[in-house]
Structure formats: structure tokens, C-alpha cells
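Q: Before I ask anything, here is the structure I am working with.
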Amino acid sequence: MPPPLDALAALTRLDEDAFVVDTRTSPRNALYGLLRREQAIFAAGPWSPRSEVLRILDLAQASYGEVVGVLVGRPDSLLDTSRDGEWSLRDVLRHAMAVELRYAAQVDYSATRSDNDPVQIPPDLLPCDRLSPPEPEFAASRSCGVRELLQLLEKARAGSDTRLAKLPDSALTRPSMWGTQHLDVRLRLHQIAVHLTETTIQIEKIIGTGGELRSIFRRCCITRGLHERWSPAGERQILDESYRSLPA
């Protein structure tokens, strides 16, 4: 999981003008300290035993963290009133869930199909269309708030990692398809993170980037995503308590 959503949301309600003068105890400096600690956990991690597949999935989780960083704490009222053309903010997030699940199915199929099977995944093996995640599992995404939507997107992400984590690196060179474009499984797997980055950019077009504190904890969320699938749970729990203490 990313840093605690309730603590991040509370940070967005602080008056940033009160922290123009940097002090050691300001939320700004405390967040930079937490970012250093997130990076330290990542840098000290077990690189060599981790497969390329797992490292690519870490990039996807980091991209999910960026979605959290740009969106957490925003008013629920924005979900259905703020738009990018025909896309409401809720539409963007529901699409992100659906695509996450579809990409996992497509990568898994490409990596494990027999040589006699078609390169293009049969439509009946896809879990949903590209706009709406499957129901009833994701039905709440039609009406829930920002925090719940982020949790549902995390649920979709976790499902992808569970499904794909055991793929061997030898499968990365197998042929795959993205729409009508031919590419290998490696680049198809990287598209999971890229689409989440695209989601973040579309969210920013709709609601903007936010203030300075958000910019810092956004980097914290990205860095957490790089290590949260393998770092010691106890170390993450200690960091989470530090996040929770910030708005107090």
C-alpha cells in the first residue's frame, strides 16, 4: 500500500502559507525527511534476486503511487463535475482500473500461450471492456469517493502483480500485441506503468497539480511504490506512523 491515505489527505488541508519560513519542524521539512527514508529503503533493497519482471512491476506500482499523490485529498465533488472533454474524473479512474485488468490478462496470455495459439488474445479471455471495470467486484467505482476509488485501483494493481509476478524473464521476448501494434512481452508489460502515467497526466489536466506539500508527498508515494512489494513490512509501518504524525 502507499503511505496512509488519511494522513496524506490531512496534509492537503494544511495552510501552506503558514510554512513559508522553513523550520526543522515544518511539514515541508518533515516530508522531505520521509522522502529520504523512502529512498533509503529502496536503495538498500535486494536488487540481484529480483527478476526483471518484478522490477517492471515495481515501476507500475510507482506509477500508481503518482496517481495517489496527485489525487488523494481532493473533494469527492470533483469526480463527476470536472472533465477533460467527454471524460469525467470518475471516468478516467474507472478506465484506469479496466485497463489495468485488461493489460494483466493480455500480458499473461502472451507469456503463457502455446505456439499454436494466436498472438492476439481472444476477446472472451478479457475481463471487461476498456471503459468499465468488471462488476460486482468494482461496482462501487460508479458512485464512491476519491479515497475508495484509489483503493479500488490499488486492488486492480495488486491483482496484476499477483497474476504476473511468477512469469519467467525468458517470456519477455515472446511476441505480443498492443491493439494492432506488434511488440514483445517486455514492452507490453512496461505499458502498465506507462498507462498509469498517462492517467496521472489526464488527472492533472482536469484538476491541476496542487501545492508544494502535495508535490513532495507525491514523490514519497512514487518512491514507496518502487519498494513496497518487497521491503520489510515493519519498516513501512514505522514510516506510516511518521506520516500520520505530520498533520497533528
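Numbering starts fresh at 1 for the residues of each chain in the C-alpha cells, the chains themselves are lettered A, B, ... in the order given, and ligands are numbered from 1 as they appear.
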List every residue of range 139-222 of chain A that DSSP, applied to the backbone of this structure, assigns to alpha helix (DSSP H), and report them as a short mmCIF file (atom, residue, chain, number, x, y, z; two decimals) with C-alpha atoms, in the first residue's frame.

A:
data_model
loop_
_atom_site.label_atom_id
_atom_site.label_comp_id
_atom_site.auth_asym_id
_atom_site.auth_seq_id
_atom_site.Cartn_x
_atom_site.Cartn_y
_atom_site.Cartn_z
CA VAL A 146 -11.87 9.61 -4.12
CA ARG A 147 -10.30 7.50 -1.39
CA GLU A 148 -12.38 4.45 -2.28
CA LEU A 149 -11.55 4.85 -5.98
CA LEU A 150 -7.84 4.90 -5.17
CA GLN A 151 -8.29 1.75 -3.09
CA LEU A 152 -10.11 0.04 -5.95
CA LEU A 153 -7.34 0.99 -8.37
CA GLU A 154 -4.85 -0.46 -5.89
CA LYS A 155 -6.95 -3.64 -5.81
CA ALA A 156 -6.68 -3.89 -9.60
CA ARG A 157 -2.91 -3.25 -9.39
CA ALA A 158 -2.43 -5.91 -6.75
CA GLY A 159 -4.32 -8.37 -8.91
CA SER A 160 -1.98 -7.65 -11.81
CA ASP A 161 1.10 -8.21 -9.69
CA THR A 162 -0.27 -11.46 -8.27
CA ARG A 163 -1.05 -12.70 -11.76
CA LEU A 164 2.19 -11.68 -13.41
CA VAL A 185 6.02 -9.11 -23.80
CA ARG A 186 8.69 -6.92 -22.19
CA LEU A 187 7.37 -3.71 -23.74
CA ARG A 188 3.77 -4.87 -23.28
CA LEU A 189 4.50 -5.26 -19.57
CA HIS A 190 6.08 -1.79 -19.40
CA GLN A 191 2.86 -0.35 -20.83
CA ILE A 192 1.14 -0.96 -17.47
CA ALA A 193 3.26 1.75 -15.82
CA VAL A 194 3.05 4.00 -18.87
CA HIS A 195 -0.75 3.93 -18.87
CA LEU A 196 -0.86 4.90 -15.19
CA THR A 197 1.46 7.82 -16.01
CA GLU A 198 -0.96 8.79 -18.77
CA THR A 199 -3.75 8.62 -16.18
CA THR A 200 -1.85 11.00 -13.89
CA ILE A 201 -1.33 13.47 -16.71
CA GLN A 202 -5.02 13.40 -17.62
CA ILE A 203 -5.96 13.96 -13.96
CA GLU A 204 -3.64 16.97 -13.87
CA LYS A 205 -5.30 18.38 -16.98
CA ILE A 206 -8.63 18.16 -15.17
CA ILE A 207 -7.79 19.38 -11.66
CA GLU A 212 4.12 22.37 -2.59
CA LEU A 213 3.30 19.82 0.10
CA ARG A 214 1.44 17.72 -2.46
CA SER A 215 4.44 17.86 -4.78
CA ILE A 216 6.67 16.48 -2.03
CA PHE A 217 4.40 13.69 -0.85
CA ARG A 218 3.74 12.80 -4.48
CA ARG A 219 7.45 11.93 -4.72
CA CYS A 220 7.11 9.96 -1.47
CA CYS A 221 4.25 7.95 -2.99
CA ILE A 222 6.23 7.24 -6.16
#

Q: Do you know which residues are at most 10 Å from range 224-238 of chain A counting only C-alpha atoms, after dropping those on the same chain fewer than 5 positions away, and could you put them as a ChimeraX atom specification?

A: /A:1-4,35,37-39,41-46,50,54-66,158,161,218-219,243

Q: Take the residues just selected and output them with N, CA, C and O atoms as a short mmCIF file (atom, residue, chain, number, x, y, z; two decimals), in the first residue's frame.

A:
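Result saved to out_15.cif:
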data_model
loop_
_atom_site.label_atom_id
_atom_site.label_comp_id
_atom_site.auth_asym_id
_atom_site.auth_seq_id
_atom_site.Cartn_x
_atom_site.Cartn_y
_atom_site.Cartn_z
N MET A 1 0.83 -1.19 0.00
CA MET A 1 0.00 0.00 0.00
C MET A 1 0.87 1.26 0.00
O MET A 1 2.00 1.26 0.49
N PRO A 2 0.35 2.37 -0.54
CA PRO A 2 1.08 3.64 -0.47
C PRO A 2 1.08 4.16 0.96
O PRO A 2 0.47 3.55 1.85
N PRO A 3 1.75 5.27 1.23
CA PRO A 3 1.61 5.89 2.54
C PRO A 3 0.13 6.08 2.89
O PRO A 3 -0.71 6.19 1.99
N PRO A 4 -0.21 6.13 4.19
CA PRO A 4 -1.63 6.13 4.58
C PRO A 4 -2.42 7.28 3.95
O PRO A 4 -2.05 8.45 4.09
N LEU A 35 10.80 11.45 2.59
CA LEU A 35 11.24 11.08 1.24
C LEU A 35 12.65 10.47 1.29
O LEU A 35 12.92 9.47 0.62
N ARG A 37 13.90 8.82 3.72
CA ARG A 37 13.77 7.48 4.31
C ARG A 37 13.16 6.49 3.31
O ARG A 37 13.58 5.31 3.26
N GLU A 38 12.19 6.93 2.52
CA GLU A 38 11.63 6.06 1.47
C GLU A 38 12.73 5.67 0.48
O GLU A 38 12.85 4.51 0.07
N GLN A 39 13.53 6.66 0.08
CA GLN A 39 14.61 6.38 -0.87
C GLN A 39 15.65 5.44 -0.28
O GLN A 39 16.21 4.58 -0.98
N ILE A 41 15.20 3.04 1.90
CA ILE A 41 14.69 1.67 1.86
C ILE A 41 14.84 1.11 0.46
O ILE A 41 15.28 -0.04 0.26
N PHE A 42 14.49 1.91 -0.55
CA PHE A 42 14.60 1.46 -1.93
C PHE A 42 16.05 1.15 -2.30
O PHE A 42 16.36 0.10 -2.87
N ALA A 43 16.96 2.07 -1.96
CA ALA A 43 18.36 1.92 -2.38
C ALA A 43 19.03 0.73 -1.70
O ALA A 43 19.96 0.14 -2.27
N ALA A 44 18.58 0.37 -0.51
CA ALA A 44 19.19 -0.74 0.22
C ALA A 44 18.57 -2.09 -0.13
O ALA A 44 18.95 -3.11 0.45
N GLY A 45 17.67 -2.10 -1.09
CA GLY A 45 16.90 -3.30 -1.39
C GLY A 45 17.68 -4.40 -2.08
O GLY A 45 18.77 -4.17 -2.61
N PRO A 46 17.08 -5.59 -2.10
CA PRO A 46 17.75 -6.77 -2.70
C PRO A 46 17.59 -6.79 -4.22
O PRO A 46 16.67 -7.39 -4.76
N ARG A 50 15.88 -10.19 -7.59
CA ARG A 50 14.59 -9.83 -8.18
C ARG A 50 14.67 -9.91 -9.70
O ARG A 50 15.58 -9.37 -10.32
N LEU A 54 9.66 -8.58 -12.08
CA LEU A 54 9.30 -7.94 -10.81
C LEU A 54 9.73 -6.48 -10.80
O LEU A 54 9.01 -5.62 -10.27
N ARG A 55 10.87 -6.17 -11.38
CA ARG A 55 11.33 -4.78 -11.40
C ARG A 55 10.42 -3.94 -12.29
O ARG A 55 10.15 -2.76 -11.99
N ILE A 56 9.93 -4.51 -13.37
CA ILE A 56 8.99 -3.78 -14.22
C ILE A 56 7.68 -3.53 -13.47
O ILE A 56 7.09 -2.43 -13.56
N LEU A 57 7.23 -4.51 -12.71
CA LEU A 57 6.02 -4.34 -11.92
C LEU A 57 6.21 -3.29 -10.83
O LEU A 57 5.26 -2.58 -10.46
N ASP A 58 7.43 -3.18 -10.29
CA ASP A 58 7.72 -2.11 -9.33
C ASP A 58 7.52 -0.73 -9.97
O ASP A 58 7.02 0.20 -9.32
N LEU A 59 7.90 -0.60 -11.23
CA LEU A 59 7.69 0.67 -11.93
C LEU A 59 6.19 0.97 -12.05
O LEU A 59 5.76 2.12 -11.92
N ALA A 60 5.39 -0.07 -12.29
CA ALA A 60 3.95 0.12 -12.37
C ALA A 60 3.39 0.58 -11.03
O ALA A 60 2.53 1.47 -10.97
N GLN A 61 3.88 -0.01 -9.93
CA GLN A 61 3.40 0.40 -8.62
C GLN A 61 3.83 1.82 -8.29
O GLN A 61 3.10 2.57 -7.64
N ALA A 62 5.00 2.21 -8.74
CA ALA A 62 5.44 3.59 -8.56
C ALA A 62 4.53 4.55 -9.33
O ALA A 62 4.19 5.64 -8.84
N SER A 63 4.11 4.15 -10.51
CA SER A 63 3.19 4.99 -11.29
C SER A 63 1.83 5.09 -10.61
O SER A 63 1.18 6.14 -10.63
N TYR A 64 1.39 3.99 -9.99
CA TYR A 64 0.17 4.06 -9.18
C TYR A 64 0.36 5.04 -8.02
O TYR A 64 -0.54 5.84 -7.71
N GLY A 65 1.52 5.02 -7.39
CA GLY A 65 1.79 5.97 -6.31
C GLY A 65 1.66 7.41 -6.77
O GLY A 65 1.18 8.27 -6.02
N GLU A 66 2.05 7.68 -8.00
CA GLU A 66 1.90 9.05 -8.52
C GLU A 66 0.44 9.42 -8.68
O GLU A 66 0.05 10.56 -8.42
N ALA A 158 -2.88 -4.73 -7.49
CA ALA A 158 -2.43 -5.91 -6.75
C ALA A 158 -2.77 -7.19 -7.49
O ALA A 158 -2.00 -8.15 -7.50
N ASP A 161 -0.18 -7.73 -10.20
CA ASP A 161 1.10 -8.21 -9.69
C ASP A 161 1.01 -9.68 -9.28
O ASP A 161 1.94 -10.46 -9.53
N ARG A 218 3.88 13.54 -3.21
CA ARG A 218 3.74 12.80 -4.48
C ARG A 218 5.02 12.01 -4.76
O ARG A 218 4.97 10.84 -5.16
N ARG A 219 6.18 12.65 -4.53
CA ARG A 219 7.45 11.93 -4.72
C ARG A 219 7.58 10.80 -3.69
O ARG A 219 8.12 9.73 -4.00
N TYR A 243 4.10 9.45 8.86
CA TYR A 243 3.16 10.23 8.03
C TYR A 243 1.95 10.65 8.86
O TYR A 243 1.48 11.79 8.77
#

Q: Which one of A:Arg36, A:Arg244, A:Arg102, A:His182 sits closest to Pro134 in chain A if you count only C-alpha atoms?

A: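 Between A:Arg36, A:Arg244, A:Arg102, A:His182, the residue approaching Pro134 in chain A most closely is A:Arg102.
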
Q: Can you list every residue in range 14-137 of chain A that DSSP puts in strand (DSSP E or B), as a PDB file with all heavy atoms, in the first residue's frame?

A:
ATOM      1  N   ARG A  83     -14.019  17.740 -15.840  1.00  0.00           N
ATOM      2  CA  ARG A  83     -13.933  16.921 -17.049  1.00  0.00           C
ATOM      3  C   ARG A  83     -12.741  17.315 -17.920  1.00  0.00           C
ATOM      4  O   ARG A  83     -12.245  18.444 -17.873  1.00  0.00           O
ATOM      5  CB  ARG A  83     -15.225  17.068 -17.876  1.00  0.00           C
ATOM      6  CG  ARG A  83     -16.514  16.912 -17.102  1.00  0.00           C
ATOM      7  CD  ARG A  83     -17.728  16.930 -17.992  1.00  0.00           C
ATOM      8  NE  ARG A  83     -17.876  15.686 -18.732  1.00  0.00           N
ATOM      9  CZ  ARG A  83     -18.481  14.610 -18.229  1.00  0.00           C
ATOM     10  NH1 ARG A  83     -18.981  14.616 -17.014  1.00  0.00           N
ATOM     11  NH2 ARG A  83     -18.592  13.514 -18.945  1.00  0.00           N
ATOM     12  N   ASP A  84     -12.333  16.358 -18.734  1.00  0.00           N
ATOM     13  CA  ASP A  84     -11.406  16.582 -19.833  1.00  0.00           C
ATOM     14  C   ASP A  84     -12.160  16.152 -21.089  1.00  0.00           C
ATOM     15  O   ASP A  84     -12.178  14.973 -21.446  1.00  0.00           O
ATOM     16  CB  ASP A  84     -10.137  15.760 -19.645  1.00  0.00           C
ATOM     17  CG  ASP A  84      -9.166  15.872 -20.821  1.00  0.00           C
ATOM     18  OD1 ASP A  84      -9.270  16.865 -21.572  1.00  0.00           O
ATOM     19  OD2 ASP A  84      -8.320  14.972 -20.987  1.00  0.00           O
ATOM     20  N   TRP A  87     -14.599  13.105 -20.854  1.00  0.00           N
ATOM     21  CA  TRP A  87     -14.183  12.259 -19.737  1.00  0.00           C
ATOM     22  C   TRP A  87     -14.332  12.993 -18.415  1.00  0.00           C
ATOM     23  O   TRP A  87     -13.694  14.026 -18.193  1.00  0.00           O
ATOM     24  CB  TRP A  87     -12.720  11.846 -19.892  1.00  0.00           C
ATOM     25  CG  TRP A  87     -12.459  10.895 -21.002  1.00  0.00           C
ATOM     26  CD1 TRP A  87     -12.435  11.181 -22.340  1.00  0.00           C
ATOM     27  CD2 TRP A  87     -12.177   9.500 -20.897  1.00  0.00           C
ATOM     28  NE1 TRP A  87     -12.147  10.054 -23.060  1.00  0.00           N
ATOM     29  CE2 TRP A  87     -11.980   9.003 -22.206  1.00  0.00           C
ATOM     30  CE3 TRP A  87     -12.043   8.624 -19.819  1.00  0.00           C
ATOM     31  CZ2 TRP A  87     -11.675   7.679 -22.467  1.00  0.00           C
ATOM     32  CZ3 TRP A  87     -11.738   7.298 -20.069  1.00  0.00           C
ATOM     33  CH2 TRP A  87     -11.562   6.830 -21.385  1.00  0.00           C
ATOM     34  N   SER A  88     -15.168  12.471 -17.515  1.00  0.00           N
ATOM     35  CA  SER A  88     -15.171  12.982 -16.150  1.00  0.00           C
ATOM     36  C   SER A  88     -13.981  12.381 -15.411  1.00  0.00           C
ATOM     37  O   SER A  88     -13.385  11.389 -15.842  1.00  0.00           O
ATOM     38  CB  SER A  88     -16.473  12.618 -15.432  1.00  0.00           C
ATOM     39  OG  SER A  88     -16.519  11.214 -15.161  1.00  0.00           O
TER      40      SER A  88
END

Q: Quick one: distance from CA of Leu131 in chain A to CA of Leu8 in chain A in Å, one decimal?

A: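 Those two atoms sit 28.2 Å apart.
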
Q: In terms of the shortest atom-to-atom distance over only C-alpha atoms, which of A:Ala10, A:Ala40, A:Asp76, A:Trp178 is closest to Pro27 in chain A?

A: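 Smallest separation from Pro27 in chain A among the options: A:Ala10.
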
Q: What is the CA of Thr81 in chain A-CA of Arg142 in chain A distance in Å, reported with one decimal?

A: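 Computing the Euclidean distance for CA of Thr81 in chain A and CA of Arg142 in chain A yields 13.8 Å.
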
Q: Could you tell me how far CA of Ala139 in chain A lies from CA of Val99 in chain A, in Å and to one decimal?

A: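 Answer for the CA of Ala139 in chain A to CA of Val99 in chain A separation: 15.5 Å.
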
Q: Smallest atom-to-atom distance to Thr180 in chain A: which of A:Ser143, A:Gln120, A:Ser132, A:Ser82, using only C-alpha atoms?

A: A:Gln120

Q: Between A:Pro247, A:Val72, A:Leu11, A:Ala105, which residue has the minimum interatomic distance to Leu125 in chain A, considering only C-alpha atoms?

A: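 For Leu125 in chain A, the nearest of the candidates is A:Ala105.
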
Q: Compare A:Gly69, A:Pro75, A:Pro122, A:Pro127 by their minimum atom-to-atom distance to Met177 in chain A, counting only C-alpha atoms, and give me the closest one.

A: A:Pro122
